[in-house]
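**Student:** Take a look at this one; I'll ask things after.
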Amino acid sequence: MKAVALRGAFDSMVIDMPAAPLPRGSYGTFGYSEEEIEREAIRLQVAIKQPMRWSIEICRSLAPITMEINRLKEEKGVFLIAHSYQTPDITYGVADSVADSYALSKEARDAPEQTILFSSVRFMAETAKIVSPHKTVLHPSPDAGCSLSDGISAQDIRDLKMRNPGVPVVCYINTSAAVKAECDVCVTSSNYLRICERLPGDRLIFVPDRFMGSHLQEHLRGKKEVLVYDGECEVHAEFTGKKIRRWKSSMREHGIDLMVLSHPECGADVLEESDIVGSSEVLKDEAIRLASEGKKDIMLITECGTADRVLAETEEQLNLIGACVMCRHMKTTGLEDILQALRDPTPEQVIDLDPVIIERASRSLDEMFRLAE
Ligand code: 13P
Ligand code: SF4
């Protein structure tokens with residue numbers, strides 16, 4: 001991985017981000033003229049706002065495929081949603097909407113288009129199908145999993161329920177449709193504290209993220225007992241409180257008061273060092289707000305896509321300090337996978353779920369929408 005200094009970052013303090021991807025194949029021009037390609041390349045570069053990593057040459061090579069995807073979307077009436085952790089050529093080149101998992105599940109449900117293309121990992125595309133079963137949901141990279149959702153099965157939930165009869169089971173959205181079908185309510189990083197607080201009774205089971213489970217235990221101490229499963233996000237588990245303390249103290253030596261923003265999939269020691277904790281969307285919005293208030297030295301403790309979004313969506317010259325971690329699952333999807341799914345999807349690229357699973361899983365998602373609002 002090549003370390004790349006972001007706009008305004010100190011030379012010795014770089015964000016460890018991969019260089020922008022060069023196209024995996026030769027796409028050709030799809031019949032677009034040189035002028036059209038040039039116009040699209042400039043649009044991409046201006047939207048992404050990282051001219052060092054996303055050079056005009058790279059944007060020029062991507063321009064025909066982003067134009068072709070946007071044309072096909074229009075022709076076929078497809079709504080393309082992308083999670084924040086997708087690469088900027090997707091989020092700023094072809095997506096109609098980019099957000100966190102809660103907002104995107106609502107958008108998938110409410111979109112008038114009859115076809116949704118979800119550029120993200122599998123559990124998010126499955127969620128889109130559960131909330132809008134009559135729509136066609138395309139998922140360009142069928143192998144894009146997630147260490148949380150792949151680490152727990154429907155049978156694990158049935159076993160937990162057997163051992164703890166009558167205790168409500170709360171699942172994080174990072175779970176398969178089959179797991180959601182066994183649970184009482186689903187939650188996301190933007191609402192798990194609030195929803196669990198609102199559940200009746202004095203006990204609950206939280207699956208599968210052990211870190212979010214421990215934050216819940218702390219939050220509900222003295223009010224509810226929280227039984228926690230043992231999963232973790234392989235990306236957010238990389239961060240430690242010790243590393244952040246080291247960054248903070250070295251910044252302090254330079255007279256810099258570092259603002260630390262972290263995702264709740266991180267451990268408690270990380271959250272203790274954080275000024276703000278929130279979903280990927282909240283972290284992006286808060287970083288932009290802090291920068292506009294003059295607090296420009298910011299550390300984003302989450303997947304690298306959030307830094308890409310912050311850089312694209314602010315005019316402020318902020319210093320993103322420290323290192324992000326890349327999710328190999330989220331980064332599986334490329335523009336060529338999206339093009340393939342739009343043109344002629346393989347059976348694996350079309351989300352197909354058992355109607356009984358959809359019916360049962362939709363109850364836990366409906367309950368989330370009811371309790372979150
Ligand atoms: P958000 O809902 O915060 O976007 O989180 C999804 C996710 O997978 C984070 O790792
Ligand atoms: Fe799963 Fe973590 Fe990747 Fe999110 S960042 S998709 S939780 S592995």
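Labels used: A, B, ... for chains in the order of the structure tokens, numbers from 1 for residues in each chain, and numbers from 1 for ligands as shown.
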Report as number ranges by chain which protein, DNA and RNA residues come within 9 Å of ligand 2, using only C-alpha atoms and all ligand atoms.
**Tutor:** A: 85, 120-124, 144-150, 174, 209, 232-237, 265, 302-303, 325-331
**Student:** Write out as a ChimeraX atom specification which residues come within 8 Å of Glu336 (chain A) when counting only C-alpha atoms, dropping same-chain ones fewer than 2 positions away.
**Tutor:** /A:24,65,334,338-340
**Student:** Around ligand 1, which protein and nucleic acid residues have at least one atom no more than 7 Å from it, if we count only C-alpha atoms and all ligand atoms? List them as a list in words.
**Tutor:** His83, Ser84, Ala99, Asp100, Ser101, Tyr102, Asn174, Thr188, Ser189, Ser190, Cys233, His263, Glu265, Gly278, Ser279, Ser280 and Glu281 of chain A
**Student:** Write a file of the selected residues as a PDB file, in the first residue's frame, keeping N, CA, C and O atoms.
**Tutor:**
ATOM      1  N   HIS A  83     -22.498   2.663  -0.396  1.00  0.00           N
ATOM      2  CA  HIS A  83     -22.095   2.970   0.985  1.00  0.00           C
ATOM      3  C   HIS A  83     -20.863   3.872   0.952  1.00  0.00           C
ATOM      4  O   HIS A  83     -20.062   3.837   0.012  1.00  0.00           O
ATOM      5  N   SER A  84     -20.719   4.661   2.026  1.00  0.00           N
ATOM      6  CA  SER A  84     -19.596   5.606   2.152  1.00  0.00           C
ATOM      7  C   SER A  84     -18.217   4.973   1.990  1.00  0.00           C
ATOM      8  O   SER A  84     -17.262   5.674   1.679  1.00  0.00           O
ATOM      9  N   ALA A  99     -24.410   7.127   1.636  1.00  0.00           N
ATOM     10  CA  ALA A  99     -24.706   7.408   3.049  1.00  0.00           C
ATOM     11  C   ALA A  99     -24.310   6.216   3.907  1.00  0.00           C
ATOM     12  O   ALA A  99     -23.613   5.310   3.450  1.00  0.00           O
ATOM     13  N   ASP A 100     -24.782   6.242   5.169  1.00  0.00           N
ATOM     14  CA  ASP A 100     -24.510   5.116   6.080  1.00  0.00           C
ATOM     15  C   ASP A 100     -25.595   4.050   5.904  1.00  0.00           C
ATOM     16  O   ASP A 100     -26.544   4.214   5.132  1.00  0.00           O
ATOM     17  N   SER A 101     -25.482   2.972   6.648  1.00  0.00           N
ATOM     18  CA  SER A 101     -26.382   1.842   6.386  1.00  0.00           C
ATOM     19  C   SER A 101     -27.835   2.138   6.767  1.00  0.00           C
ATOM     20  O   SER A 101     -28.748   1.621   6.126  1.00  0.00           O
ATOM     21  N   TYR A 102     -28.050   2.972   7.763  1.00  0.00           N
ATOM     22  CA  TYR A 102     -29.440   3.291   8.121  1.00  0.00           C
ATOM     23  C   TYR A 102     -30.108   4.109   7.008  1.00  0.00           C
ATOM     24  O   TYR A 102     -31.187   3.757   6.520  1.00  0.00           O
ATOM     25  N   ASN A 174     -25.371  -5.402  10.319  1.00  0.00           N
ATOM     26  CA  ASN A 174     -24.313  -6.182   9.670  1.00  0.00           C
ATOM     27  C   ASN A 174     -24.516  -7.668   9.939  1.00  0.00           C
ATOM     28  O   ASN A 174     -23.698  -8.340  10.571  1.00  0.00           O
ATOM     29  N   THR A 188     -28.676  -0.036  13.794  1.00  0.00           N
ATOM     30  CA  THR A 188     -27.459   0.362  13.061  1.00  0.00           C
ATOM     31  C   THR A 188     -26.578   1.182  14.000  1.00  0.00           C
ATOM     32  O   THR A 188     -26.979   1.489  15.132  1.00  0.00           O
ATOM     33  N   SER A 189     -25.433   1.593  13.477  1.00  0.00           N
ATOM     34  CA  SER A 189     -24.496   2.373  14.298  1.00  0.00           C
ATOM     35  C   SER A 189     -25.099   3.715  14.705  1.00  0.00           C
ATOM     36  O   SER A 189     -24.642   4.329  15.661  1.00  0.00           O
ATOM     37  N   SER A 190     -26.135   4.177  13.978  1.00  0.00           N
ATOM     38  CA  SER A 190     -26.680   5.504  14.295  1.00  0.00           C
ATOM     39  C   SER A 190     -27.840   5.434  15.294  1.00  0.00           C
ATOM     40  O   SER A 190     -28.311   6.468  15.743  1.00  0.00           O
ATOM     41  N   CYS A 233     -15.614  -6.375  13.901  1.00  0.00           N
ATOM     42  CA  CYS A 233     -15.269  -5.877  12.567  1.00  0.00           C
ATOM     43  C   CYS A 233     -13.757  -5.905  12.460  1.00  0.00           C
ATOM     44  O   CYS A 233     -13.056  -5.291  13.259  1.00  0.00           O
ATOM     45  N   HIS A 263     -15.765   5.411  14.993  1.00  0.00           N
ATOM     46  CA  HIS A 263     -16.974   4.615  14.725  1.00  0.00           C
ATOM     47  C   HIS A 263     -17.211   3.697  15.923  1.00  0.00           C
ATOM     48  O   HIS A 263     -16.249   3.182  16.513  1.00  0.00           O
ATOM     49  N   GLU A 265     -17.918   0.695  16.100  1.00  0.00           N
ATOM     50  CA  GLU A 265     -17.398  -0.671  15.964  1.00  0.00           C
ATOM     51  C   GLU A 265     -15.990  -0.787  16.562  1.00  0.00           C
ATOM     52  O   GLU A 265     -15.407  -1.875  16.589  1.00  0.00           O
ATOM     53  N   GLY A 278     -19.746   8.069  16.120  1.00  0.00           N
ATOM     54  CA  GLY A 278     -20.967   8.021  15.318  1.00  0.00           C
ATOM     55  C   GLY A 278     -20.819   7.154  14.082  1.00  0.00           C
ATOM     56  O   GLY A 278     -19.752   6.589  13.801  1.00  0.00           O
ATOM     57  N   SER A 279     -21.906   7.068  13.337  1.00  0.00           N
ATOM     58  CA  SER A 279     -21.938   6.276  12.102  1.00  0.00           C
ATOM     59  C   SER A 279     -21.005   6.917  11.075  1.00  0.00           C
ATOM     60  O   SER A 279     -20.539   8.050  11.257  1.00  0.00           O
ATOM     61  N   SER A 280     -20.793   6.222   9.978  1.00  0.00           N
ATOM     62  CA  SER A 280     -19.894   6.757   8.944  1.00  0.00           C
ATOM     63  C   SER A 280     -20.385   8.129   8.462  1.00  0.00           C
ATOM     64  O   SER A 280     -19.579   9.031   8.199  1.00  0.00           O
ATOM     65  N   GLU A 281     -21.700   8.301   8.376  1.00  0.00           N
ATOM     66  CA  GLU A 281     -22.254   9.574   7.896  1.00  0.00           C
ATOM     67  C   GLU A 281     -22.055  10.681   8.944  1.00  0.00           C
ATOM     68  O   GLU A 281     -21.687  11.808   8.615  1.00  0.00           O
TER      69      GLU A 281
END
**Student:** When you look at region 238-241 of chain A with a cut-off of 12 Å (counting only C-alpha atoms), what residues show up, excluding the ones that are within fewer than 6 positions of it in the same chain? I need them as a list in words.
**Tutor:**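 Close residues of region 238-241 of chain A: Phe211, Glu232, Trp247, Lys248, Val260, Ser262, His263, Pro264, Glu265, Cys266, Gly267, Ala268, Asp269, Val270, Leu271, Glu272, Glu273, Ser274, Met299, Leu300, Ile301, Thr302, Glu303, Gly322, Ala323, Cys324, Val325, Met326 and Cys327 of chain A.
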**Student:** CA of Lys224 (chain A) to CA of Ala177 (chain A): how many Å, to one decimal?
**Tutor:**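 Atom-to-atom, CA of Lys224 (chain A) and CA of Ala177 (chain A) are spaced 26.9 Å apart.
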